[in-house]
Amino acid sequence: MSNSREKIISRAVKEIEDGMNVNLGIGMPTLIADRIPETKSVFLHSENGLLGIGPYPVEGEEDGDLINAGKETVTTKKGASFFDNAESFAMIRGGHVDLAILGGMEVSEKGDLANWMIPGKMVKGMGGAMDIVQGARKVVIIMNHVNKHGQSKVRSECELPLTGSQVVDRLITDMAVFDFTENGMVLREILDGSDIETVRQNTEASFTVDESLRKKEGSQ
Amino acid sequence: MSKVSTSFEESVRKIKDGDTLIVGGFGLSGIPENLIQALAEQGTKDLTVVSNNCGVDDWGLGLLLQNRQIKKMIASYVGENKTFESQYLNGELEVELVPQGTLAERIRAGGAGIRGFYTPTGVGTPIAEGKEHKEFDGKTCILEEAIVGDVALVKAWKGDSYGNLIYRYTARNFNPLAAAAGEHTIAEVEEIVEPGELDPNFIHTPSIYVQNILKGDHFEKRIERRTVRQAQ
């Protein structure tokens with residue numbers, strides 16, 4: 001696993017608390033599942049109709065009738081339940097899912113998220129992302145801080161078409177953790193190997209720095 | 001009155017050129033694979049198909065795409081299919097992308113006689129353009145309309161001769177919603193049992209929604225992403 005991916009996942013798993021019902025998006029967020037400590041009792045929600053995803057099956061026990069939202073074969077954990085898609089999204093829109101951790105292409109300083117289409121490329125579809133960002137109690141986005149050309153993905157405005165407007169509660173990148181509050185975007189944490197100045201240089205969005213972080217950095 | 005048929009070929013005759021079809025399944029899981037194959041053989045054209053995905057190139061609804069039987073597709077995610085991409089890019093295929101939860105609720109509403117509903121999903125995004133906006137307690141929502149089908153095709157695990165259905169694991173997905181939203185609903189199952197054998201406490205789709213039921217001789221249940229772990 002790349003260094004930046006490892007940093008993001010190690011930080012993101014700390015968002016998960018004992019007793020939560022959690023939806024993990026397809027791709028990088030799926031990798032968080034394996035890192036949840038066994039001391040925490042967590043039900044993972046899969047929007048195709050399962051609450052309580054278990055580990056991947058051992059070879060020979062895969063079943064085409066039992067998959068996750070990424071269409072991967074899975075198992076169930078004890079206490080799991082199955083339901084249809086209307087009920088699955090009632091759980092999401094109805095605010096019953098405590099936390100969703102999804103990938104992102106761009107996040108703006110207002111907490112807008114773009115993660116489903118790039119104009120000019122074939123549109124694959126949004127799947128359940130637009131529902132999840134509107135409905136989950138807390139929406140955490142994980143993504144690299146800059147794209148492969150070194151440009152900031154943390155923008156003043158999203159350029160790509162939105163998945164949701166003002167929906168992000170927390171953003172975790174390979175450099176930092178930001179919260180989106182009534183007073184705008186706030187830098188809360190700096191991840192290993194970075195500092196406030198580096199974060200500033202790589203962030204197009206305007207943000208303020210959390211007081212405790214300013215003190216910490218000032219004391220160094 | 002028994003609703004059991006034995007011929008997929010006869011059952012799909014109900015589907016006419018230009019019909020709107022609601023088809024159960026998520027990815028390739030829980031798709032009515034025998035009904036889709038019979039419909040591909042029948043060659044019915046100009047179909048509007050409502051389903052979460054559109055199969056892969058050589059399986060599931062992808063078979064109808066290959067035959068150019070689909071005029072319009074209403075789905076939430078269609079990324080697994082090259083035929084889809086080429087037909088869409090050259091303008092042969094009309095596409096309406098709908099967020100998955102909105103798609104499920106539009107079908108549910110269709111079956112439940114609710115003509116439309118307001119949802120926050122999609123507000124501020126391209127899918128809200130041109131839709132009525134309304135605020136509820138400070139939360140902006142958009143109006144989404146119900147979907148009903150001339151015919152619904154569903155896949156269940158077990159059914160009885162009246163059409164009561166039980167699904168297996170996550171193969172349930174859109175199937176119960178589709179069953180209720182079809183003017184004429186055809187269910188294919190792995191096993192047909194006598195009335196009374198299914199415990200009424202555990203029926204997922206009550207018989208009232210199902211007009212025709214058949215047992216498939218063979219189910220491929222193709223897996224899209226085979227993921228396994230090492231045995232301990």
# chains A, B, ... in the order shown; residues from 1 in each chain; ligands from 1

call {"tool": "residues_around", "arguments": {"residues": "region 92-94 of chain B", "least_positions_apart": "5", "cutoff": "6 Å", "atoms": "only C-alpha atoms", "output": "list in words"}}
result
Lys71, Lys72 and Gln87 of chain B

call {"tool": "interface_residues", "arguments": {"of": "chain A", "to": "chain B", "cutoff": "9 Å", "atoms": "only C-alpha atoms", "output": "ChimeraX atom specification"}}
result
/A:47-50,55-74,81-90,92-93,122-135,161-165

call {"tool": "residues_around", "arguments": {"residues": "Thr181 (chain A)", "least_positions_apart": "5", "cutoff": "12 Å", "atoms": "only C-alpha atoms", "output": "list of chain:residue names"}}
result
A:Glu109, A:Lys110, A:Gly111, A:Gln166, A:Val167, A:Val168, A:Asp169, A:Arg170, A:Leu171, A:Val186, A:Leu187, A:Arg188, A:Phe207, A:Thr208, A:Asp210

call {"tool": "residues_around", "arguments": {"residues": "Pro32 (chain B)", "least_positions_apart": "6", "cutoff": "12 Å", "atoms": "only C-alpha atoms", "output": "VMD selection string"}}
result
chain B and resid 8 12 22 to 26 38 to 39 51 55 59 to 61 152 to 157 171 to 172 174 to 175 178 to 179 185 to 190 213 to 216 218 to 222

call {"tool": "residues_around", "arguments": {"residues": "Val209 (chain A)", "least_positions_apart": "5", "cutoff": "12 Å", "atoms": "only C-alpha atoms", "output": "list of chain:residue names"}}
result
A:Ala176, A:Val177, A:Phe178, A:Asp179, A:Phe180, A:Asn183, A:Gly184, A:Met185, A:Val186, A:Leu187, A:Arg188, A:Glu189, A:Ile190, A:Asp195, A:Ile196, A:Glu197, A:Val199, A:Arg200, A:Arg214, A:Lys215, A:Lys216, A:Glu217

call {"tool": "write_last_selection", "arguments": {"atoms": "C-alpha atoms", "output": "compact mmCIF listing (two decimals), in the first residue's frame"}}
result
# COMPACT_ATOMS: atom_id res chain seq x y z
CA ALA A 176 -4.31 16.91 7.13
CA VAL A 177 -7.74 16.65 8.69
CA PHE A 178 -10.30 19.43 8.14
CA ASP A 179 -13.76 20.01 9.58
CA PHE A 180 -16.55 21.98 7.91
CA ASN A 183 -17.53 29.29 10.59
CA GLY A 184 -16.10 27.65 7.50
CA MET A 185 -13.36 25.14 6.94
CA VAL A 186 -11.06 24.48 9.88
CA LEU A 187 -7.71 22.68 9.88
CA ARG A 188 -7.84 20.32 12.86
CA GLU A 189 -4.89 17.99 12.52
CA ILE A 190 -1.67 17.66 10.58
CA ASP A 195 3.18 21.03 8.69
CA ILE A 196 0.81 23.99 8.52
CA GLU A 197 2.89 25.77 5.88
CA VAL A 199 -0.76 22.28 3.99
CA ARG A 200 -1.30 25.95 3.08
CA ARG A 214 -1.65 26.80 16.36
CA LYS A 215 -0.37 26.49 19.91
CA LYS A 216 1.17 23.11 19.19
CA GLU A 217 2.94 24.32 16.07

call {"tool": "residues_around", "arguments": {"residues": "Asp34 (chain A)", "least_positions_apart": "2", "cutoff": "10 Å", "atoms": "only C-alpha atoms", "output": "count of residues only"}}
result
9

call {"tool": "atom_distance", "arguments": {"atom1": "CA of Leu191 (chain A)", "atom2": "CA of Met28 (chain A)"}}
result
17.9 Å

call {"tool": "residues_around", "arguments": {"residues": "Phe117 (chain B)", "least_positions_apart": "5", "cutoff": "8 Å", "atoms": "only C-alpha atoms", "output": "list in words"}}
result
Leu143, Glu144, Glu145 and Ala146 of chain B

call {"tool": "atom_distance", "arguments": {"atom1": "CA of Ile142 (chain B)", "atom2": "CA of Val140 (chain A)"}}
result
24.1 Å

call {"tool": "select_by_dssp", "arguments": {"residues": "region 11-161 of chain B", "states": "alpha helix (DSSP H)", "output": "PyMOL selection string"}}
result
chain B and resi 11+33-42+62-66+82-89+100-112

call {"tool": "atom_distance", "arguments": {"atom1": "CA of Leu44 (chain A)", "atom2": "CA of Ile8 (chain A)"}}
result
19.2 Å

call {"tool": "select_by_dssp", "arguments": {"residues": "region 15-64 of chain B", "states": "strand (DSSP E)", "output": "list in words"}}
result
Thr20, Leu21, Ile22, Val23, Leu47, Thr48, Val49 and Val50 of chain B

call {"tool": "write_last_selection", "arguments": {"atoms": "C-alpha atoms", "output": "compact mmCIF listing (two decimals), in the first residue's frame"}}
result
# COMPACT_ATOMS: atom_id res chain seq x y z
CA THR B 20 -41.34 -0.29 -19.97
CA LEU B 21 -39.71 -3.13 -18.04
CA ILE B 22 -38.61 -3.07 -14.43
CA VAL B 23 -35.94 -5.67 -13.83
CA LEU B 47 -37.77 -1.26 -24.60
CA THR B 48 -37.37 1.18 -21.74
CA VAL B 49 -35.55 -0.79 -19.06
CA VAL B 50 -35.45 0.27 -15.42

call {"tool": "closest_residue", "arguments": {"among": "B:Pro206, B:Gly113, B:Gly138, B:Gly18", "to": "Asp150 (chain B)", "atoms": "only C-alpha atoms"}}
result
B:Gly18
